[in-house]
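Trainee: Questions regarding the structure given below will be posed in turn.
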Amino acid sequence: MRVNFTVNGRPQEADDVWEGESLLYVLRERMGLPGSKNACEQGECGSCTVRLDGVPVCSCLVAAGQAEGREVVTVEGLADYAQHREDAHPGGACGTGGCGTGLDEAKRWQAKPAQDSQTGEGIELSPIQQAFIDAGAVQCGFCTPGLLVAADEMLERNPSPTDADIREALSGNLCRCTGYEKILDAVRLAAARQERQGEAV
Amino acid sequence: MAQNTRTAPVGTPTDVTQNHVKGGIGESTLRPDGTLKVTGEFAYSSDMWHEDMLWGQILRSTVAHAEIVSIDTTEALTMDGVYAVLTHEDLPAAKNYGMEFQDTPVLAYGKVRHHGEPVALVAADHPETARRAAAKIKVEYRELPVITDEASALAPDAILVHENRDDHHSGHVPHPNIVHRQPIIRGNADEAAERADVIVKGEYTFGMQDQAFLGPESGLAVPAEDGGVDLYVATQWLHSDLKQIAPCLGLPEEKVRMTMAGVGGAFGGREDISMQILASILALRTGKPVKMVYNRYESFFGHVHRHPAKLYYEHGATKDGKLTHMKCKIVLDGGAYASSTASVVGNASSLSVGPYVIDDVEIEAIGLYTNNPPCGAMRGFGAVQACFAYEAQMDKLAAKLGMDPVELRQLNAMEQGTIMPTGQVVDSPAPVAELLRRVKARPMPPERQWETAGEGADVRALPGGLSNTSHGEGVVRGVGYAVGIKNVGFSEGFDDYSTAKIRIEVINGEAVATVHTAMAEVGQGGVTIHAQIARTELGVQQVTIHPADTQVGSAGSTSAGRQTYMTGGAIKNSCELVREKVLEIGRRKFGSYHPAWANAELLLEGGKVVTDGGEALASIADVLENEVVEIEEEWRHRPTQAFDLVTGQGDGHVQYAFAAHRAVVEVDTELGLVKVIELACAQDVGKAVNPLSVVGQIQGGTTQGLGVAVMEEIIVDPKTAKVRNPSFTDYLIPTILDTPTIPVDYLELADPNAPYGVRGIGEAPTLSSTPAVLAAIRAATGLELNKTPVRPEALTGTL
Ligand code: FES
Ligand code: FES
């Protein structure tokens with residue numbers, strides 16, 4: 001079958017998709033977007049987390065056909081997505097809780113290619129991405145894409161989370177390397193930076 | 001505007017450089033691959049992709065022990081999209097491989113010896129086609145009785161797991177189902193026991209733990225025009241793989257070119273070969289690139305696990321708390337193939353006393369062949385199981401003596417100058433008592449943290465968490481301590497070396513260094529500190545890390561806490577040689593202009609050649625101009641010796657590492673649920689080359705120890721030797737909700753024998769974290785608890 005959907009702001013179509021293929025497989029193996037990770041393909045680890053019409057889902061559990069006509073954001077589009085959210089709601093805070101998930105907004109938004117995709121230089125990272133680097137929350141990094149998508153979505157809903165909120169929101173994402181402490185640090189850091197930025201506006 | 005299926009090969013590892021990442025030794029420099037990892041562009045081994053590639057799939061045995069009567073591949077071969085179906089009959093050359101013993105079949109022939117052993121192989125154009133084809137292969141087994149424990153392995157009429165052993169240990173083991181046996185006898189334990197006022201005995205069981213790294217075993221094999229193969233794979237040691245792969249492919253090593261693909265964690269589980277040989281064979285047979293990715297189920301069969309163990313201990317002490325003697329027997333289950341079991345046995349025996357002074361000991365460790373899943377390397381390597389037992393013994397002794405358990409440990413703590421049971425003198429700092437003091441002195445986390453002002457309990461902070469099982473009624477708190485000792489690097493006379501190729505040249509008017517090693521970056525941060533070392537030693541800002549491959553000499557394994565010491569040492573050494581060369585060029589060019597060039601103490605700093613007085617003589621760029629200096633050298637640590645096979649004596653280890661933990665837990669005694677509130681660690685790291693990653697390593701290791709304490713275990717059916725829980729649904733690893741805060745306090749007592757004084761970091765925290773949690777649960781409940789993991793049944797008496 002053919003599947004049409006939007007990934008990181010770009011319309012995509014995939015041909016000859018077998019009906020059992022997951023969204024994760026189509027993203028990774030057909031779209032050339034391997035950022036979403038395949039750690040369990042059972043919905044247990046969260047490494048494959050993407051946003052489907054704004055809602056975080058395990059893309060390994062979504063049949064590719066279910067994505068027909070819908071909007072997907074992966075880690076590859078996270079920086080741009082955050083930028084777009086920033087444009088729409090400076091400071092990142094959003095009172096309604098519906099921020100950044102609106103279809104209309106998502107449709108107006110287009111991903112821009114990274115300037116230097118090899119070294120990462122010149123890329124404007126989203127606050128959560130930068131915070132993961134700065135806090136030392138990345139070791140092997142295999143869990144990182146899923147955690148970033150999940151954490152970014154949580155911060156969008158809840159710009160000043162408590163530790164218990166962060167733990168609850170990220171409890172579906174396994175990390176085997178870090179012991180999570182630095183991941184907590186990173187989310188706190190991103191929240192604090194966003195808050196400061198919000199005050200400055 | 002719509003985009004379609006991609007067409008270009010992607011995922012080849014590239015150099016990592018980042019101009020904005022700076023910093024030398026001792027600074028919390030950020031990872032050079034951080035940006036790639038947070039943007040999703042970092043290419044892990046499962047991300048490799050090649051136009052026109054096929055997918056490889058393994059058919060694994062459904063039984064643990066059986067003769068293979070027949071394998072019928074006819075139906076699988078006729079399926080559309082299937083390019084090859086192979087069995088052992090199609091193997092091009094050597095049929096077995098292995099790191100220490102070549103006892104592991106590439107594809108089973110004659111017999112299968114464990115559940116999940118590879119039996120046949122498929123290559124197809126879609127992973128689902130490959131899976132369906134594999135399912136169509138018919139294998140007829142004649143089942144054999146399974147050997148699953150010490151009793152069945154050593155029974156007089158026991159079936160031999162390997163009938164015709166000819167490895168280097170087969171001559172001295174008391175039974176062919178024993179891979180290796182290492183006794184250690186020092187002093188006279190029986191005589192010393194007479195001086196004991198109290199004696200405690202204990203029997204402990206350590207469950208089978210899995211590394212459970214998140215990035216599945218995977219890689220891409222691309223057939224080359226010269227008849228060789230280019231292999232992109234996630235591994236811990238490229239050159240060890242190469243040595244095992246080439247004979248199985250019937251190719252000279254030059255024709256197997258390996259490049260490290262991005263590694264999603266390792267923890268010992270990638271030290272053995274997984275899909276490397278199989279993907280290569282498929283690529284050579286089909287003439288097409290072959291990608292292979294294990295799913296999570298398969299990953300549980302696709303790598304070795306931590307040895308489950310039975311440990312029998314006896315300790316004695318005088319009434320003032322001085323240890324008199326120790327006797328122990330440690331039985332490690334190595335499973336169906338040897339992997340690194342022999343070395344694990346050596347470690348378990350030589351570290352079985354723990355970080356204590358005991359002159360009279362009688363130790364025996366054995367590793368068994370059984371039909372259980374093969375076991376091998378995992379973080380802590382043999383020292384973990386022993387630490388679990390001797391720390392429980394310390395608490396038992398303290399209780400019997402009416403002493404504080406920390407005081408008892410401090411009273412007997414080893415220190416610099418202590419003689420190990422192997423006769424080796426501990427010749428660098430061993431701050432065991434101090435580490436214990438530090439975790440004990442730390443303020444306690446507040447009581448009843450779940451109580452919120454006026455709103456009842458925040459259930460998220462209680463045992464059971466969001467499942468809302470308690471509001472604090474049956475919850476009791478306990479505190480426990482533990483400390484451990486781990487060797488660093490490869491022991492027992494192994495020729496452990498690393499190689500570094502360092503290049504310095506002028507690019508755009510600036511001196512730039514390139515570091516090329518074969519070190520596996522598995523997440524530990526080696527690439528970060530390698531650049532830090534090069535910056536410090538060569539006085540340059542810009543350092544490029546070349547992808548790890550087999551075009552440079554071996555770096556040894558990323559394991560045993562050895563890479564900062566070993567490859568870090570190799571980089572330091574090669575940089576020093578490069579520096580000499582640069583100075584030589586400088587002397588030749590500028591020596592006649594300034595007398596200071598004759599000075600032997602010249603440094604490279606801030607891109608310049610400077611005197612020890614700080615005077616700049618020339619920029620490195622002016623010295624080098626168009627010249628390029630490149631040096632590749634091997635580097636070794638001091639030699640070690642094999643342990644004597646009868647007495648266990650010998651200077652077997654390079655260096656020791658020490659960590660202590662204090663665990664604070666809360667237990668819901670009604671439901672048997674445990675919540676770890678805090679797990680504080682103190683560790684001596686020798687020198688924190690990168691403080692940020694030091695803390696990250698300690699927290700990660702601590703969490704793996706917490707996992708084995710309360711949830712992690714591969715469950716093998718004792719009747720069939722089949723694995724019951726090969727999934728993340730049933731094999732549980734700690735989530736962010738299960739993991740407490742892990743405050744870290746590190747000491748930097750330099751080891752005078754190590755580069756920069758470093759001490760291996762990654763492994764020690766995995767040791768003491770488990771017994772500390774167990775001690776805390778015992779303190780909370782008053783139960784004996786001699787088995788990991790502690791399951792609710794064990795706490796509620798409903799076993
Ligand atoms: S890969 Fe989807 S949840 Fe693990
Ligand atoms: S799994 Fe390796 S960093 Fe999280």
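Convention: chains lettered A, B, ... in structure tokens order; per-chain residue numbering from 1; ligands numbered from 1 as shown.
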May I have the residues within 12 Å of Asp359 of chain B as a ChimeraX atom specification, using only C-alpha atoms and disregarding those fewer than 2 positions away in the same chain?
Mentor: /B:184-193,316,322-327,353,356-357,361-362,412,414,418-423
Trainee: For the selection you just gave me, I'd like the residues written to a file as a CSV table (one decimal), in the first residue's frame, keeping N, CA and C atoms.
Mentor:
chain,number,residue,atom,x,y,z
B,184,ILE,N,42.5,-20.8,46.0
B,184,ILE,CA,43.5,-19.9,46.6
B,184,ILE,C,43.7,-20.3,48.1
B,185,ILE,N,44.9,-20.7,48.4
B,185,ILE,CA,45.1,-21.1,49.8
B,185,ILE,C,46.2,-20.2,50.3
B,186,ARG,N,45.9,-19.6,51.4
B,186,ARG,CA,46.9,-18.7,52.1
B,186,ARG,C,46.8,-18.9,53.6
B,187,GLY,N,47.9,-19.0,54.3
B,187,GLY,CA,47.8,-19.3,55.7
B,187,GLY,C,47.2,-20.6,56.0
B,188,ASN,N,46.5,-20.7,57.1
B,188,ASN,CA,45.8,-22.0,57.5
B,188,ASN,C,44.5,-21.6,58.1
B,189,ALA,N,43.4,-21.7,57.3
B,189,ALA,CA,42.1,-21.3,57.7
B,189,ALA,C,41.6,-22.1,58.9
B,190,ASP,N,41.9,-23.4,58.9
B,190,ASP,CA,41.4,-24.3,59.9
B,190,ASP,C,42.0,-23.9,61.3
B,191,GLU,N,43.3,-23.7,61.3
B,191,GLU,CA,44.0,-23.3,62.5
B,191,GLU,C,43.5,-21.9,63.0
B,192,ALA,N,43.4,-21.0,62.1
B,192,ALA,CA,42.9,-19.6,62.4
B,192,ALA,C,41.5,-19.7,63.0
B,193,ALA,N,40.7,-20.6,62.5
B,193,ALA,CA,39.3,-20.7,62.9
B,193,ALA,C,39.2,-20.9,64.4
B,316,GLY,N,35.1,-16.0,60.3
B,316,GLY,CA,35.3,-16.0,61.8
B,316,GLY,C,35.8,-14.7,62.2
B,322,LYS,N,37.9,-8.5,65.0
B,322,LYS,CA,39.0,-8.8,64.0
B,322,LYS,C,38.7,-10.1,63.3
B,323,LEU,N,38.7,-10.0,62.0
B,323,LEU,CA,38.5,-11.2,61.2
B,323,LEU,C,39.6,-12.2,61.4
B,324,THR,N,39.2,-13.5,61.6
B,324,THR,CA,40.3,-14.5,61.8
B,324,THR,C,40.6,-15.3,60.5
B,325,HIS,N,39.5,-15.6,59.8
B,325,HIS,CA,39.7,-16.5,58.6
B,325,HIS,C,38.5,-16.4,57.7
B,326,MET,N,38.6,-16.9,56.5
B,326,MET,CA,37.5,-17.0,55.6
B,326,MET,C,37.7,-18.2,54.8
B,327,LYS,N,36.6,-18.9,54.6
B,327,LYS,CA,36.5,-20.1,53.7
B,327,LYS,C,35.4,-19.8,52.7
B,353,VAL,N,37.6,-12.3,48.9
B,353,VAL,CA,37.8,-11.9,50.3
B,353,VAL,C,37.3,-10.5,50.4
B,356,TYR,N,39.2,-6.6,52.5
B,356,TYR,CA,39.5,-6.8,53.9
B,356,TYR,C,40.8,-7.5,54.1
B,357,VAL,N,41.3,-7.3,55.3
B,357,VAL,CA,42.6,-8.0,55.7
B,357,VAL,C,42.2,-9.3,56.3
B,361,VAL,N,43.0,-17.9,54.5
B,361,VAL,CA,41.9,-18.1,53.7
B,361,VAL,C,42.0,-19.5,52.9
B,362,GLU,N,40.8,-20.0,52.6
B,362,GLU,CA,40.7,-21.2,51.8
B,362,GLU,C,39.6,-21.0,50.8
B,412,ASN,N,38.5,-3.9,59.8
B,412,ASN,CA,39.2,-4.9,59.0
B,412,ASN,C,39.5,-4.4,57.6
B,414,MET,N,41.1,-3.1,54.3
B,414,MET,CA,42.5,-3.1,53.7
B,414,MET,C,42.9,-1.7,53.5
B,418,THR,N,48.5,-3.7,52.2
B,418,THR,CA,47.8,-4.9,52.5
B,418,THR,C,48.2,-6.0,51.5
B,419,ILE,N,48.3,-7.2,52.0
B,419,ILE,CA,48.6,-8.3,51.1
B,419,ILE,C,47.3,-9.0,50.7
B,420,MET,N,47.1,-9.2,49.4
B,420,MET,CA,45.9,-9.9,48.9
B,420,MET,C,46.0,-11.4,49.2
B,421,PRO,N,44.9,-12.1,49.1
B,421,PRO,CA,45.0,-13.6,49.3
B,421,PRO,C,45.9,-14.2,48.3
B,422,THR,N,46.1,-13.6,47.2
B,422,THR,CA,47.0,-14.1,46.1
B,422,THR,C,48.5,-13.8,46.4
B,423,GLY,N,48.7,-13.1,47.5
B,423,GLY,CA,50.1,-12.7,47.8
B,423,GLY,C,50.5,-11.3,47.2
Trainee: Name the residues in contact with Pro216 of chain B at a cut-off of 7 Å, using only C-alpha atoms, excluding same-chain residues fewer than 4 positions from it; report them as a ChimeraX atom specification.
Mentor: /A:39 /B:293-296,299
Trainee: Neighbouring residues of ligand 2 are defined here as those with any atom at most 7 Å from a ligand atom, counting only C-alpha atoms and all ligand atoms; list them as a short mmCIF file (atom, residue, chain, number, x, y, z; two decimals) with N, CA, C and O atoms, in the first residue's frame.
Mentor:
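The resulting file, part-v2.cif, is reproduced below:
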data_model
loop_
_atom_site.label_atom_id
_atom_site.label_comp_id
_atom_site.auth_asym_id
_atom_site.auth_seq_id
_atom_site.Cartn_x
_atom_site.Cartn_y
_atom_site.Cartn_z
N VAL A 138 23.67 12.37 28.16
CA VAL A 138 23.86 11.47 27.02
C VAL A 138 25.08 10.62 27.27
O VAL A 138 26.18 11.14 27.46
N GLN A 139 24.91 9.31 27.31
CA GLN A 139 26.09 8.43 27.31
C GLN A 139 26.10 7.71 25.96
O GLN A 139 26.56 8.25 24.98
N CYS A 140 25.57 6.47 25.92
CA CYS A 140 25.53 5.85 24.59
C CYS A 140 24.55 6.59 23.69
O CYS A 140 24.69 6.60 22.48
N GLY A 141 23.53 7.19 24.29
CA GLY A 141 22.61 8.02 23.53
C GLY A 141 21.49 7.27 22.83
O GLY A 141 20.69 7.89 22.13
N PHE A 142 21.39 5.97 23.02
CA PHE A 142 20.38 5.22 22.28
C PHE A 142 18.97 5.55 22.79
O PHE A 142 18.01 5.56 22.02
N CYS A 143 18.87 5.86 24.07
CA CYS A 143 17.57 6.23 24.64
C CYS A 143 17.23 7.68 24.38
O CYS A 143 16.11 8.11 24.61
N THR A 144 18.24 8.46 23.98
CA THR A 144 18.11 9.92 23.97
C THR A 144 17.00 10.44 23.06
O THR A 144 16.20 11.28 23.49
N LEU A 174 13.16 3.81 28.93
CA LEU A 174 14.28 3.16 29.62
C LEU A 174 15.60 3.78 29.20
O LEU A 174 15.80 4.13 28.04
N CYS A 175 16.51 3.90 30.17
CA CYS A 175 17.90 4.23 29.86
C CYS A 175 18.75 3.26 30.66
O CYS A 175 18.55 3.08 31.86
N ARG A 176 19.69 2.61 30.00
CA ARG A 176 20.52 1.62 30.70
C ARG A 176 21.85 2.19 31.15
O ARG A 176 22.57 1.56 31.91
N CYS A 177 22.21 3.37 30.67
CA CYS A 177 23.56 3.87 30.94
C CYS A 177 23.65 4.88 32.08
O CYS A 177 24.62 4.87 32.83
N THR A 178 22.71 5.80 32.16
CA THR A 178 22.97 7.01 32.94
C THR A 178 22.56 6.93 34.40
O THR A 178 23.01 7.74 35.21
N PHE B 213 21.69 -3.75 27.23
CA PHE B 213 21.99 -2.49 26.53
C PHE B 213 20.84 -2.20 25.58
O PHE B 213 20.18 -3.11 25.10
N LEU B 214 20.60 -0.92 25.32
CA LEU B 214 19.40 -0.60 24.53
C LEU B 214 19.60 -0.82 23.03
O LEU B 214 18.67 -1.18 22.33
N GLY B 264 25.15 1.30 21.07
CA GLY B 264 24.11 1.68 22.04
C GLY B 264 24.26 0.93 23.34
O GLY B 264 23.42 0.14 23.72
N GLY B 265 25.38 1.16 24.04
CA GLY B 265 25.63 0.49 25.32
C GLY B 265 26.24 -0.88 25.11
O GLY B 265 26.11 -1.48 24.04
N GLY B 523 29.63 4.49 24.88
CA GLY B 523 28.80 5.42 25.65
C GLY B 523 29.55 5.95 26.86
O GLY B 523 29.14 6.93 27.48
#
Trainee: Distance cut-off 7 Å, counting only C-alpha atoms - which residues of chain B neighbour chain A? Return them as a PyMOL selection string.
Mentor: chain B and resi 2-6+16-18+30+34-41+47+213-216+263-265+295-296+460+522-525+692-693+696-697+699-700+703+728-729+735-737+739+741-742
Trainee: Which residue is closest to Pro445 of chain B? Choose from B:Ile199, B:Ile504, B:Val664, B:Leu397 and count only C-alpha atoms.
Mentor: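 Among B:Ile199, B:Ile504, B:Val664, B:Leu397, it is B:Val664 that comes nearest to Pro445 of chain B.
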Trainee: Which one of B:Gly648, B:Pro32, B:Gly56, B:Gly334 sits closest to Asp149 of chain B if you count only C-alpha atoms?
Mentor: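 Smallest separation from Asp149 of chain B among the options: B:Gly334.
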Trainee: Could you give me, as number ranges by chain, each residue of segment 422-596 of chain B that DSSP assigns to alpha helix (DSSP H) when run on this structure's backbone?
Mentor: B: 432-441, 526-538, 563-590
Trainee: In terms of the shortest atom-to-atom distance over only C-alpha atoms, which of A:Glu71, A:Asn8, A:Val187, A:Val55 is closest to His84 of chain A?
Mentor: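 Of A:Glu71, A:Asn8, A:Val187, A:Val55, the one nearest His84 of chain A is A:Asn8, counting only C-alpha atoms.
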Trainee: Counting only C-alpha atoms, which of B:Met711, B:Ala531, B:Met444, B:Ala776 gets nearest to Pro743 of chain B?
Mentor: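 Under the stated criterion, the closest residue is B:Met444.
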Trainee: Go through B:Phe658, B:Tyr565, B:Tyr297, B:Trp597 and flag the residue nearest ligand 1, using only C-alpha atoms and all ligand atoms for the distances.
Mentor: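 Closest candidate: B:Tyr297.
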